[in-house]
$ cat target.txt   # compact mmCIF, C-alpha atoms
# COMPACT_ATOMS: atom_id res chain seq x y z
CA MET A 1 93.18 75.90 -132.85
CA LYS A 2 93.61 76.68 -136.50
CA LEU A 3 96.51 78.98 -137.27
CA ASP A 4 95.93 81.36 -140.19
CA LEU A 5 99.05 81.02 -142.37
CA ARG A 6 97.78 83.10 -145.27
CA PRO A 7 99.99 86.08 -144.26
CA LEU A 8 103.06 83.79 -144.24
CA LEU A 9 102.08 82.34 -147.60
CA ALA A 10 101.81 85.92 -148.89
CA GLY A 11 105.37 86.74 -147.78
CA ASP A 12 105.36 87.57 -144.05
CA ARG A 13 108.39 86.20 -142.21
CA LEU A 14 107.12 85.30 -138.73
CA LEU A 15 103.98 84.07 -137.00
CA GLU A 16 104.08 83.64 -133.22
CA PHE A 17 101.42 81.76 -131.30
CA ASP A 18 100.64 81.01 -127.68
CA TYR A 19 97.51 79.13 -126.64
CA GLU A 20 96.09 76.42 -124.39
CA LEU A 21 94.91 73.09 -125.74
CA PRO A 22 92.33 71.20 -123.65
CA LEU A 23 93.18 67.52 -123.33
CA ASP A 24 90.22 65.22 -123.79
CA ILE A 25 92.39 62.12 -123.49
CA MET A 26 90.67 59.27 -121.66
CA SER A 27 93.13 58.29 -118.91
CA GLU A 28 90.77 55.49 -117.81
CA ASP A 29 91.17 53.68 -121.15
CA ALA A 30 93.48 50.74 -120.34
CA GLY A 31 94.58 50.63 -123.99
CA SER A 32 95.85 54.21 -123.87
CA PHE A 33 99.50 55.02 -123.27
CA LEU A 34 98.24 57.61 -120.79
CA PHE A 35 96.27 55.13 -118.68
CA GLY A 36 96.03 56.35 -115.09
CA VAL A 37 97.43 59.82 -115.81
CA GLY A 38 95.39 62.91 -115.04
CA PHE A 39 95.87 66.36 -116.57
CA PRO A 40 94.56 69.01 -114.17
CA SER A 41 95.02 71.86 -116.65
CA PRO A 42 95.16 72.31 -120.44
CA MET A 43 98.37 71.80 -122.39
CA LYS A 44 100.22 75.07 -123.03
CA VAL A 45 101.53 75.52 -126.57
CA LYS A 46 103.95 78.30 -127.47
CA GLY A 47 105.90 78.65 -130.67
CA GLU A 48 106.58 80.32 -133.94
CA ILE A 49 106.58 79.63 -137.64
CA THR A 50 109.31 81.28 -139.68
CA ASN A 51 109.22 81.79 -143.42
CA THR A 52 112.61 81.98 -145.09
CA ALA A 53 112.25 82.40 -148.83
CA GLY A 54 109.25 80.05 -148.99
CA TYR A 55 110.71 77.44 -146.61
CA MET A 56 108.61 77.38 -143.44
CA LYS A 57 109.77 75.89 -140.16
CA MET A 58 107.68 75.53 -137.03
CA ALA A 59 109.34 75.40 -133.60
CA LEU A 60 107.20 75.03 -130.51
CA THR A 61 107.23 73.98 -126.90
CA LEU A 62 104.35 72.20 -125.25
CA SER A 63 104.00 71.76 -121.52
CA VAL A 64 101.38 70.08 -119.42
CA GLU A 65 100.87 69.38 -115.73
CA TYR A 66 100.19 65.74 -114.84
CA ALA A 67 99.14 63.64 -111.85
CA ALA A 68 99.87 59.90 -111.71
CA GLU A 69 100.89 57.10 -109.34
CA CYS A 70 104.37 55.85 -108.55
CA ALA A 71 105.01 52.63 -110.48
CA ARG A 72 106.53 50.97 -107.39
CA CYS A 73 104.61 52.18 -104.32
CA LEU A 74 101.46 53.77 -105.82
CA SER A 75 102.06 57.11 -104.05
CA PRO A 76 100.77 60.20 -105.87
CA VAL A 77 103.27 61.78 -108.28
CA SER A 78 102.78 65.11 -110.03
CA GLY A 79 104.87 67.38 -112.17
CA GLU A 80 105.14 69.13 -115.49
CA PHE A 81 106.07 67.45 -118.78
CA THR A 82 107.69 69.64 -121.44
CA LEU A 83 108.46 68.78 -125.04
CA ASP A 84 110.17 70.77 -127.80
CA LEU A 85 109.04 70.05 -131.33
CA GLU A 86 110.22 71.17 -134.77
CA LYS A 87 108.50 70.46 -138.07
CA THR A 88 108.66 71.69 -141.61
CA VAL A 89 105.43 73.41 -142.68
CA ALA A 90 104.17 72.84 -146.23
CA PRO A 91 100.92 72.91 -148.21
CA ARG A 92 99.38 69.49 -148.86
CA ASN A 93 99.69 69.83 -152.67
CA LEU A 94 103.51 69.99 -152.36
CA LEU A 95 103.56 66.76 -150.35
CA SER A 96 101.48 64.59 -152.67
CA ASP A 97 104.53 62.58 -153.80
CA LEU A 98 105.52 61.55 -150.25
CA ASP A 99 104.47 58.23 -148.75
CA GLU A 100 102.35 58.15 -145.56
CA ASP A 101 105.32 57.48 -143.24
CA ARG A 102 107.16 60.64 -144.28
CA LEU A 103 104.09 62.87 -143.83
CA ASP A 104 104.57 62.73 -140.04
CA ASP A 105 107.65 64.94 -140.45
CA TYR A 106 105.49 67.81 -141.73
CA ALA A 107 102.84 70.16 -140.42
CA ILE A 108 100.40 70.32 -143.34
CA ILE A 109 98.65 73.49 -144.45
CA GLU A 110 95.05 73.01 -145.62
CA ASP A 111 93.34 75.95 -147.38
CA GLY A 112 95.75 78.45 -145.81
CA PHE A 113 95.27 77.16 -142.25
CA LEU A 114 97.31 74.89 -140.03
CA ASP A 115 95.54 72.72 -137.47
CA ILE A 116 98.21 71.10 -135.31
CA ASP A 117 96.13 70.14 -132.27
CA GLU A 118 95.70 66.47 -133.22
CA GLN A 119 99.41 66.16 -134.05
CA LEU A 120 100.27 67.64 -130.64
CA ARG A 121 97.99 65.18 -128.83
CA GLU A 122 99.58 62.27 -130.73
CA GLN A 123 103.08 63.58 -130.02
CA LEU A 124 102.22 63.86 -126.31
CA GLU A 125 101.06 60.25 -126.28
CA MET A 126 104.24 59.05 -128.03
CA GLU A 127 106.73 61.03 -125.93
CA PHE A 128 105.07 60.96 -122.50
CA PRO A 129 106.86 58.71 -119.96
CA SER A 130 105.23 55.31 -119.52
CA ARG A 131 105.78 55.25 -115.76
CA PHE A 132 106.75 57.54 -112.90
CA LEU A 133 108.59 57.09 -109.62
CA CYS A 134 108.00 59.12 -106.48
CA ARG A 135 111.78 59.09 -106.08
CA GLU A 136 114.65 57.25 -107.76
CA ASP A 137 115.33 54.97 -104.78
CA CYS A 138 111.69 54.05 -104.17
CA LEU A 139 111.52 50.67 -102.42
CA GLY A 140 107.98 49.90 -103.55
CA LEU A 141 105.51 47.66 -101.78
CA CYS A 142 106.18 44.39 -99.92
CA HIS A 143 105.18 41.56 -102.24
CA LYS A 144 103.60 39.71 -99.31
CA CYS A 145 101.78 42.19 -97.09
CA GLY A 146 101.62 45.24 -99.37
CA LYS A 147 103.23 47.69 -96.92
CA ASN A 148 104.94 50.71 -98.44
CA LEU A 149 108.60 49.92 -97.74
CA ASN A 150 109.53 53.61 -97.98
CA GLU A 151 107.74 54.04 -94.65
CA GLY A 152 109.76 51.31 -92.94
CA LYS A 153 110.35 47.58 -92.96
CA CYS A 154 107.55 45.10 -92.56
CA ASP A 155 107.46 41.94 -90.40
CA CYS A 156 107.38 39.51 -93.33
CA ASP A 157 110.02 36.78 -93.72
CA HIS A 158 111.68 37.73 -97.00
CA ASN A 159 114.02 34.72 -96.94
CA GLU A 160 111.13 32.35 -97.55
CA ILE A 161 111.30 30.84 -101.04
CA ASP A 162 108.33 31.08 -103.35
CA PRO A 163 106.90 27.53 -103.52
CA ARG A 164 106.71 27.77 -107.30
CA LEU A 165 110.50 28.04 -107.41
CA GLU A 166 111.14 25.04 -105.12
CA PRO A 167 111.88 22.61 -108.02
CA LEU A 168 114.52 25.01 -109.33
CA ARG A 169 116.08 25.27 -105.85
CA ARG A 170 116.40 21.47 -105.71
CA ILE A 171 118.02 21.33 -109.14
CA LEU A 172 120.48 24.03 -108.09
CA GLU A 173 121.39 22.10 -104.93
CA GLU A 174 121.98 18.91 -106.98
CA MET A 175 124.22 20.82 -109.37
CA LYS A 176 126.22 22.21 -106.45
CA LYS A 177 126.66 18.70 -104.98
CA GLU A 178 127.89 17.39 -108.32
CA ASN A 179 130.37 20.26 -108.63
CA ASN A 180 131.67 19.61 -105.11
CA LYS A 181 132.34 15.93 -105.96
CA LYS A 182 134.63 16.90 -108.83

$ encode --input "target.txt" --output "structure tokens"
Amino acid sequence: MKLDLRPLLAGDRLLEFDYELPLDIMSEDAGSFLFGVGFPSPMKVKGEITNTAGYMKMALTLSVEYAAECARCLSPVSGEFTLDLEKTVAPRNLLSDLDEDRLDDYAIIEDGFLDIDEQLREQLEMEFPSRFLCREDCLGLCHKCGKNLNEGKCDCDHNEIDPRLEPLRRILEEMKKENNKK
């Protein structure tokens, strides 16, 4: 959505906005930070831009419902992610002296309009949690049989040592024997 800031540039003090932003993020893209996350509804964006003697500040809140899998047991997890964001709003011609890294701190006005949708999608990708848990004390899956340990114990022998670690176990035993001799 493009916000018309011409009234603010002409001296108005406040512009409020409230809209929904469809998310066309590919959650199946393994290179995406949002891999495996589904968004059943559009992102809700609500905020305001205030003009105080030519200095414009944007404050907004974005919220979006998500559906994902628990990082430990793969159970479905859903909820709502909310993020508050503040940026200074300025016309591009006033920011020409800034280097590229500092431009991220600003919402840039182009021809009297502000298009923040792409910035909001990028901000969502940067701030969104990288993993979810169905609960804080999730036990996950058994590394041998794959049973969800939240549903009860499995019959696997968990004292059995991984054969790849056997050489390390022998070295540890030799070190203990040497320490006992001293």

$ atom_distance --input "target.txt" --atom1 "CA of Phe35 (chain A)" --atom2 "CA of Arg121 (chain A)"
14.4 Å

$ closest_residue --input "target.txt" --among "A:Arg72, A:Lys177, A:Arg13, A:Lys2" --to "Lys147 (chain A)" --atoms "only C-alpha atoms"
A:Arg72

$ residues_around --input "target.txt" --residues "Cys70 (chain A)" --least-positions-apart "4" --cutoff "8 Å" --atoms "all atoms listed in the file" --output "VMD selection string"
chain A and resid 74 to 77 131 to 134

$ closest_residue --input "target.txt" --among "A:Glu48, A:Glu20, A:Glu69, A:Glu151" --to "Asp84 (chain A)" --atoms "all atoms listed in the file"
A:Glu48

$ closest_residue --input "target.txt" --among "A:Leu124, A:Leu83, A:Met58, A:Ala90" --to "Ile109 (chain A)" --atoms "all atoms listed in the file"
A:Ala90

$ axis_aligned_box --input "target.txt" --around "region 165-168 of chain A" --padding-each-side "5 Å" --output "AutoDock Vina command-line options"
--center_x 112.5 --center_y 25.3 --center_z -107.2 --size_x 14.0 --size_y 15.4 --size_z 14.2

$ closest_residue --input "target.txt" --among "A:Asp111, A:Glu178, A:Glu173, A:Glu122" --to "Leu9 (chain A)" --atoms "all atoms listed in the file"
A:Asp111

$ atom_distance --input "target.txt" --atom1 "CA of Asp18 (chain A)" --atom2 "CA of Leu60 (chain A)"
9.3 Å

$ closest_residue --input "target.txt" --among "A:Cys73, A:Leu85, A:Leu3, A:Leu114" --to "Asn148 (chain A)" --atoms "only C-alpha atoms"
A:Cys73

$ closest_residue --input "target.txt" --among "A:Asp97, A:Leu23, A:Leu34, A:Glu86" --to "Val64 (chain A)" --atoms "all atoms listed in the file"
A:Leu23

$ residues_near_point --input "target.txt" --point "(102.9, 79.5, -130.5)" --cutoff "6 Å" --atoms "all atoms listed in the file" --output "PyMOL selection string"
chain A and resi 16-18+45-48

$ atom_distance --input "target.txt" --atom1 "CA of Met43 (chain A)" --atom2 "CA of Leu21 (chain A)"
5.0 Å

$ residues_around --input "target.txt" --residues "Leu149 (chain A)" --least-positions-apart "4" --cutoff "9 Å" --atoms "all atoms listed in the file" --output "PyMOL selection string"
chain A and resi 73+138-142+153-154
